[in-house]
Amino acid sequence: MTATSNVTTEPVLRRSSGATALRRGLQDWLPRIVLAPSFAVIILFVYGFIVFTAYLSMTSSTLLPRFDFIGLENYVKLFKLPNWWIALKNLAIFGSLYIGICCALGLFLAILLDQKIRGEGILRPIYLYPMALSFIVTGTAWKWFLDPGIGLDQTMHALGWASFHFDWIKNRDMAIYTVVIAAVWQSSGFVMAMFLAGLRGIDTEIMRAAAIDGAGPWQLYRRIIIPMLRPAFLSAFVVLAHMAIKSYDLVIALTNGGPGRATEVPATFMYSYTFTRSQMAIGAASAVIMLMMVASIIVPYLYSELSAERQQ
Amino acid sequence: MSAGGEGVRLGAGSPFWRAVLYAVLLVFAVYYLLPLVIMLLNSVKPLSEIRGGNLLALPKVWTFEPWHSAWSTAQVGVQATGLKPYFINSFLMVFPAVAISAALGAINGYILTKWRFKGDSIVFGMMLFSCFIPFQIVLIPMAKVLGTIGLAGTVSGLVMVHVVYGIGFTTLFFRNYYAAFPTELIRSAQVDGAGFFRIFWRILLPSSGPIIVVSIIWQFTNIWNDFLFGASFADFDSQPMTVALNNLVQSSTGVKEYNVHFAGAVLAALPTLVVYIVSGRYFVRGLMAGAVKG
Amino acid sequence: MGFLEISGLTKSFGQTEVLKGIDLDVEEGDFLVLVGPSGCGKSTLLNVIAGLENPTAGEIRIAGERVNELRPSERDIAMVFQSYALYPSMSVAQNLGFGLEMRGVPKAERETAIQEVAEMLQISQLLKRRPGQLSGGQRQRVAMGRALVRKPQVFLFDEPLSNLDAKLRVDMRMEIKRLHASLGTTIVYVTHDQIEAMTLASRIALLKDGILQQFGSPEDIYDNPANLFVADFMGSPAMNLVPAEVVEKEGEIGVALKQRANGALFLPAETRAAGPLKDWLGRTVTFGIRPEAVTDPDAADHKAGRLVEAECRADLVEPTGADTYIVTHLGGKEFTARLRANSRVKEDGAVTLAFNMGRSVFFDPKEGTRIA
């Protein structure tokens with residue numbers, strides 16, 4: 001050990017094993033101690049609050065919380081409210097169209113962009129930038145653009161298409177579809193990016209093998225590539241679905257739930273019943289239903305993702 | 001996701017199909033750009049030109065009056081202050097919330113990957129689920145808690161709310177990043193004599209640049225763009241930009257000043273757009289990390 | 001009492017027992033190689049010695065002191081990792097100095113130590129670079145330098161050469177051997193490569209499924225394998241291990257190996273082996289002999305206790321340049337012999353082979369234990 005140097009190093013630290021064990025124990029616990037505040041915050045502000053809201057939904061609270069217990073009465077009441085059914089129906093229309101169109105458009109654009117496109121570096125960010133905007137901004141832009149008074153309608157007339165008529169945003173039956181239009185505009189680029197990443201992750205040898213096997217481009221995509229994008233589809237579905245259930249800002253900015261109650265969704269329903277209509281318990285019950293909807297999508301997904309990870 | 005990957009060419013690359021391809025892609029570029037262009041064009045037009053009809057026409061008279069109005073004189077809520085104070089509110093809310101949640105996420109991610117303990121995946125799973133809850137479920141108790149601790153209607157209260165519900169995401173980001181960080185480096189540092197904090201500070205953090213950027217951008221965008229918490233917990237003088245913009249646009253009194261609304265919308269979009277333009281690559285990575293777990 | 005003592009060591013991860021009662025004892029200055037197939041527990045054993053994993057039971061002593069309770073940094077060890085584990089954000093010099101810095105060694109002393117080690121490993125010109133800017137071989141040197149600079153009591157190497165290409169691996173192997181010779185520090189070295197084990201070790205511990213199969217000098221392990229697994233694992237090309245019947249012929253105990261044609265080949269055992277083999281008369285054992293102990297009569301070791309010549313058929317001839325290997329068929333299996341390079345053997349032709357029975361071994365085919 002002395003062959004090469006005159007530099008002294010620290011001697012081995014020798015401590016009585018009792019003290020060392022204590023110190024080691026502390027060191028072992030340190031990570032858990034450091035993590036504890038974050039975890040406590042999550043337990044209290046997420047899970048504690050969920051329990052609180054769930055409890056509130058079983059009380060007779062109105063303007064202020066009241067801590068009696070009336071069982072599931074509010075849920076019965078909730079599902080008798082026509083407004084709640086409108087909200088659910090709108091969510092179903094909005095959710096399915098939003099997810100469906102975003103996926104279709106996203107996949108379409110991703111496949112097109114994957115054709116060795118010159119200028120991809122410019123196009124991709126253009127498709128994606130709406131995702132950086134607030135839904136309030138998106139809502140404002142589309143609100144006036146779709147407004148028959150000043151927007152598309154007027155513009156088309158000014159350009160000489162006099163018979164053009166587009167007043168969905170003012171039309172009770174069609175207003176929910178304008179929410180879909182704006183939401184798709186905002187999110188489809190993001191879905192495109194997910195699919196593009198999926199496409200880029202596919203082993204090119206598989207594509208070459210399929211080409212040698214005689215698959216044309218159409219068959220190649222339909223039979224080989226799109227099935228391999230399953231994980232990307234799943235992720236896109238989960239993200240879009242939970243965004244749809246939570247969507248609040250866009251509806252507020254675009255239509256404010258109107259005309260009338262035509263674009264009411266569960267998120268706006270919950271807010272107005274809780275804070276403006278002083279029916280806190282009903283609002284809490286609707287929030288619990290929303291949570292259950294999100295959980296039924298997210299929990300299985302997270303569970304399978306985490307256990308797949310553990311197997312690796 | 002670099003350009004020029006081995007794509008498969010449709011239509012065997014014939015010039016005709018290539019032309020169609022580019023045409024379709026350009027049409028969609030127009031579709032995505034249109035709302036932004038409309039906002040910009042009409043924010044520099046006099047109101048009369050907008051009322052006159054063509055949203056797509058270039059301004060005949062250029063005016064920056066709408067911008068000035070949106071920034072400092074427009075009637076937002078009760079007072080005619082413009083959006084300026086709310087813009088500042090948003091920054092006052094965003095900076096501390098981003099910094100705190102990113103810092104906590106970093107240390108949490110470090111612990112959950114490099115100091116694993118029994119039950120750590122349950123802890124992580126619970127944190128992860130918190131990213132996805134509909135926030136309606138916490139609105140009522142949170143309002144009560146903020147009132148109890150005296151933070152109701154303050155920017156600090158909003159900072160706290162955003163930190164609490166941001167930890168899940170930042171922890172996810174850092175955890176996934178550190179999971180790929182070689183454990184042998186940690187062991188080596190242990191053999192070298194570095195302890196828990198020293199390993200984090202000297203070994204992991206210096207290599208965490210990309211994920212710090214991703215987390216900051218993600219948190220910045222999310223918190224800046226938040227509306228629900230701002231609308232629920234802020235007072236008139238602590239409202240963030242998004243709430244103020246909505247008030248401006250929805251106000252039912254007086255004439256609808258579309259040009260001012262558009263200018264205000266662009267103002268509200270500006271910070272996140274700048275972040276996106278400057279570091280779009282990291283923004284996309286954040287989106288992906290938020291979407292593809294594990 | 002040895003310098004590094006491991007006694008009764010077990011390690012379980014949950015339900016799975018990875019190490020099942022390991023006892024090892026090496027002297028100061030020994031070069032201990034832990035070798036075995038992947039999953040045998042050798043890396044876990046190294047990590048337990050390092051203090052990176054806690055043993056489930058058992059004791060580790062370094063220089064007579066129990067170190068179970070000591071943290072890795074307090075055990076006066078240094079470790080070279082398979083991936084090198086160079087800190088990516090630090091320069092080479094900072095990497096080398098980090099361990100000393102953590103121990104509070106003053107800057108000036110650190111600089112001297114870094115310079116010295118850098119010179120010894122010829123990496124002085126790399127000191128300012130980042131690990132990302134180094135080649136594989138250079139990273140390897142830096143990783144070794146980081147261990148050397150600490151002058152620990154024990155060096156731990158975890159498959160340090162497995163990420164290098166073949167040529168570099170041979171060079172670094174020699175360099176490690178040279179370093180050990182000049183420093184004389186005790187080394188524990190993990191590898192799955194039996195050639196690395198043979199060339200480097202002064203002591204080899206061969207593990208399988210968490211059980212120590214054999215512990216001894218390289219020669220001992222090579223020539224006297226304790227069981228079938230050891231015999232099969234060590235050596236390349238592998239030892240011939242074929243079923244053979246124990247028979248008595250003209251008063252001599254020996255084994256009969258089935259040939260493809262004309263019956264069985266009788267190989268009389270050496271006196272040393274005849275005794276234990278007697279109990280196996282009429283039964284089948286696994287007969288083992290290394291390819292280099294089966295050769296052409298001229299090349300055979302004529303001082304060997306017992307040379308038996310026999311004619312076989314060369315199914316396959318493989319000239320490697322230095323030697324010529326021929327593959328024949330004995331005991332129902334392929335059987336390799338090593339002949340001189342210039343021996344003129346034709347494929348499918350007859351060849352006379354000399355079996356050095358002094359180097360033959362016999363195993364219980366079911367238990368794998370050594371008979372003789």
# chains A, B, ... in the order shown; residues from 1 in each chain; ligands from 1

call {"tool": "select_by_dssp", "arguments": {"residues": "segment 95-309 of chain C", "states": "strand (DSSP E or B)", "output": "ChimeraX atom specification"}}
result
/C:154-158,186-191,203-208,211-216,227,240-249,252-259,264-268,284-289,294-295,307-309

call {"tool": "closest_residue", "arguments": {"among": "B:Tyr282, B:Phe132, B:Trp115, B:Phe124", "to": "chain C", "atoms": "only C-alpha atoms"}}
result
B:Trp115

call {"tool": "closest_atom_pairs", "arguments": {"of": "chain B", "to": "chain C", "cutoff": "8 Å", "atoms": "only C-alpha atoms", "output": "JSON lines"}}
result
{"residue": "B:Pro182", "atom": "CA", "partner": "C:Ala85", "partner_atom": "CA", "distance": 7.4}
{"residue": "B:Glu184", "atom": "CA", "partner": "C:Ala85", "partner_atom": "CA", "distance": 5.5}
{"residue": "B:Leu185", "atom": "CA", "partner": "C:Ala85", "partner_atom": "CA", "distance": 4.6}
{"residue": "B:Arg187", "atom": "CA", "partner": "C:Leu52", "partner_atom": "CA", "distance": 6.8}
{"residue": "B:Ser188", "atom": "CA", "partner": "C:Ala85", "partner_atom": "CA", "distance": 6.5}
{"residue": "B:Ala189", "atom": "CA", "partner": "C:Gly99", "partner_atom": "CA", "distance": 7.6}
{"residue": "B:Gln190", "atom": "CA", "partner": "C:Ser73", "partner_atom": "CA", "distance": 6.2}
{"residue": "B:Val191", "atom": "CA", "partner": "C:Ser73", "partner_atom": "CA", "distance": 4.6}
{"residue": "B:Asp192", "atom": "CA", "partner": "C:Gly99", "partner_atom": "CA", "distance": 4.2}
{"residue": "B:Gly193", "atom": "CA", "partner": "C:Ser73", "partner_atom": "CA", "distance": 4.4}
{"residue": "B:Ala194", "atom": "CA", "partner": "C:Met102", "partner_atom": "CA", "distance": 6.1}
{"residue": "B:Ile203", "atom": "CA", "partner": "C:Tyr87", "partner_atom": "CA", "distance": 6.4}
{"residue": "B:Pro206", "atom": "CA", "partner": "C:Ser89", "partner_atom": "CA", "distance": 5.8}
{"residue": "B:Ser207", "atom": "CA", "partner": "C:Ser89", "partner_atom": "CA", "distance": 6.0}

call {"tool": "interface_residues", "arguments": {"of": "chain C", "to": "chain A", "cutoff": "10 Å", "atoms": "only C-alpha atoms", "output": "PyMOL selection string"}}
result
chain C and resi 29+65-71+73-77+100+103-105+109-110+112-113+116-117+120+149-154+182-186

call {"tool": "atom_distance", "arguments": {"atom1": "atom CA of Leu121 of chain C", "atom2": "atom CA of Val142 of chain C"}}
result
8.2 Å
